[in-house]
Amino acid sequence: MPKEREIRNSIGHLVQIKAHMLSMNASLKALKTRPVCGPPLVRLRQSYLDLRMIVEEMMLLSVSAHRTAGEQISKDLRKNYNASQKMRLLEKINPRFFPDAIKLVPTEEKGVEAKFVSLEKEYLCQSVAQDMYNKSGNFLHASYKALSVEEFDQSMDELETFFNLTATLLHTFEVDISGKGLFIAGHLNLFENEPPVVFHAQVQQ
């Protein structure tokens with residue numbers, strides 16, 4: 001069974017993810033009513049920073065029960081800006097590091113009312129998270145070239161897609177937090193006045 005510290009660590013990462021998701025949502029709503037000029041561009045950059053933090057917190061969630069790996073990943077996140085390299089490293093530590101969206105379905109199995117199955121609806125996958133993380137670097141540095149209206153609109157579309165896919169993924173999910181088959185399931189409770197909820201899902205030997 002997961003230890004109290006491990007559960008507390010995983011909830012801590014989910015709290016940060018929820019905070020950045022709400023920050024991104026507020027920015028996207030505000031940006032829809034403003035022209036492309038100084039302050040909105042700053043808010044757009046903030047949204048990309050939120051995106052990066054969401055992905056990084058999900059990475060750390062996957063090793064929240066693996067202290068040595070968690071410390072190493074934290075160091076790598078600070079010095080390496082390439083999501084592809086970070087995720088390859090995580091896959092070596094934990095092949096199932098990326099969360100999977102799930103849902104409860106009734107079952108006829110004796111003594112079991114329902115079971116978890118993968119969600120059929122589209123949600124954030126590892127490849128999209130990796131791609132969006134890498135793209136975000138273009139917006140987190142000053143540039144000699146001004147952002148066009150078309151580029152601004154495209155960025156908004158991409159950020160909204162990321163937000164919606166991530167919200168679907170973390171509505172109800174499971175993830176190995178150890179690299180050794182120590183699974184938790186949880187709800188982000190994104191728009192609820194409640195903190196994220198985590199509970200033990202299964203331990204695979």
# chains A, B, ... in the order shown; residues from 1 in each chain; ligands from 1
>>> residues_around(residues="stretch 57-61 of chain A", least_positions_apart="2", cutoff="8 Å", atoms="only C-alpha atoms", output="VMD selection string")
chain A and resid 9 to 10 13 to 14 16 to 17 53 to 55 63 to 64 70 73 to 74 87 90 97 to 99 177
>>> select_by_dssp(residues="stretch 14-187 of chain A", states="helix (DSSP H, G or I)", output="PyMOL selection string")
chain A and resi 14-31+38-61+67-79+83-93+126-139+149-171
>>> atom_distance(atom1="atom CA of A:Leu147", atom2="atom CA of A:Asp50")
19.5 Å
>>> residues_around(residues="A:Tyr123", least_positions_apart="6", cutoff="8 Å", atoms="only C-alpha atoms", output="PyMOL selection string")
chain A and resi 101+164-169
>>> atom_distance(atom1="atom CA of A:Glu160", atom2="atom CA of A:Val105")
28.9 Å
>>> residues_around(residues="A:Ile102", least_positions_apart="4", cutoff="9 Å", atoms="only C-alpha atoms", output="PyMOL selection string")
chain A and resi 116-120+169-174+185
>>> write_last_selection(atoms="C-alpha atoms", output="CSV table (one decimal), in the first residue's frame")
chain,number,residue,atom,x,y,z
A,116,PHE,CA,-11.8,1.1,-14.1
A,117,VAL,CA,-11.3,1.1,-17.9
A,118,SER,CA,-9.5,3.5,-20.2
A,119,LEU,CA,-11.5,6.5,-21.4
A,120,GLU,CA,-12.6,6.3,-25.0
A,169,LEU,CA,-7.2,13.4,-18.8
A,170,LEU,CA,-7.1,14.4,-15.2
A,171,HIS,CA,-10.9,14.4,-14.5
A,172,THR,CA,-10.4,10.7,-13.5
A,173,PHE,CA,-7.0,9.1,-14.0
A,174,GLU,CA,-4.5,6.5,-12.9
A,185,ALA,CA,-6.1,6.9,-9.1
>>> closest_residue(among="A:Lys86, A:Leu124, A:Lys32, A:Glu91", to="A:Phe163", atoms="only C-alpha atoms")
A:Leu124
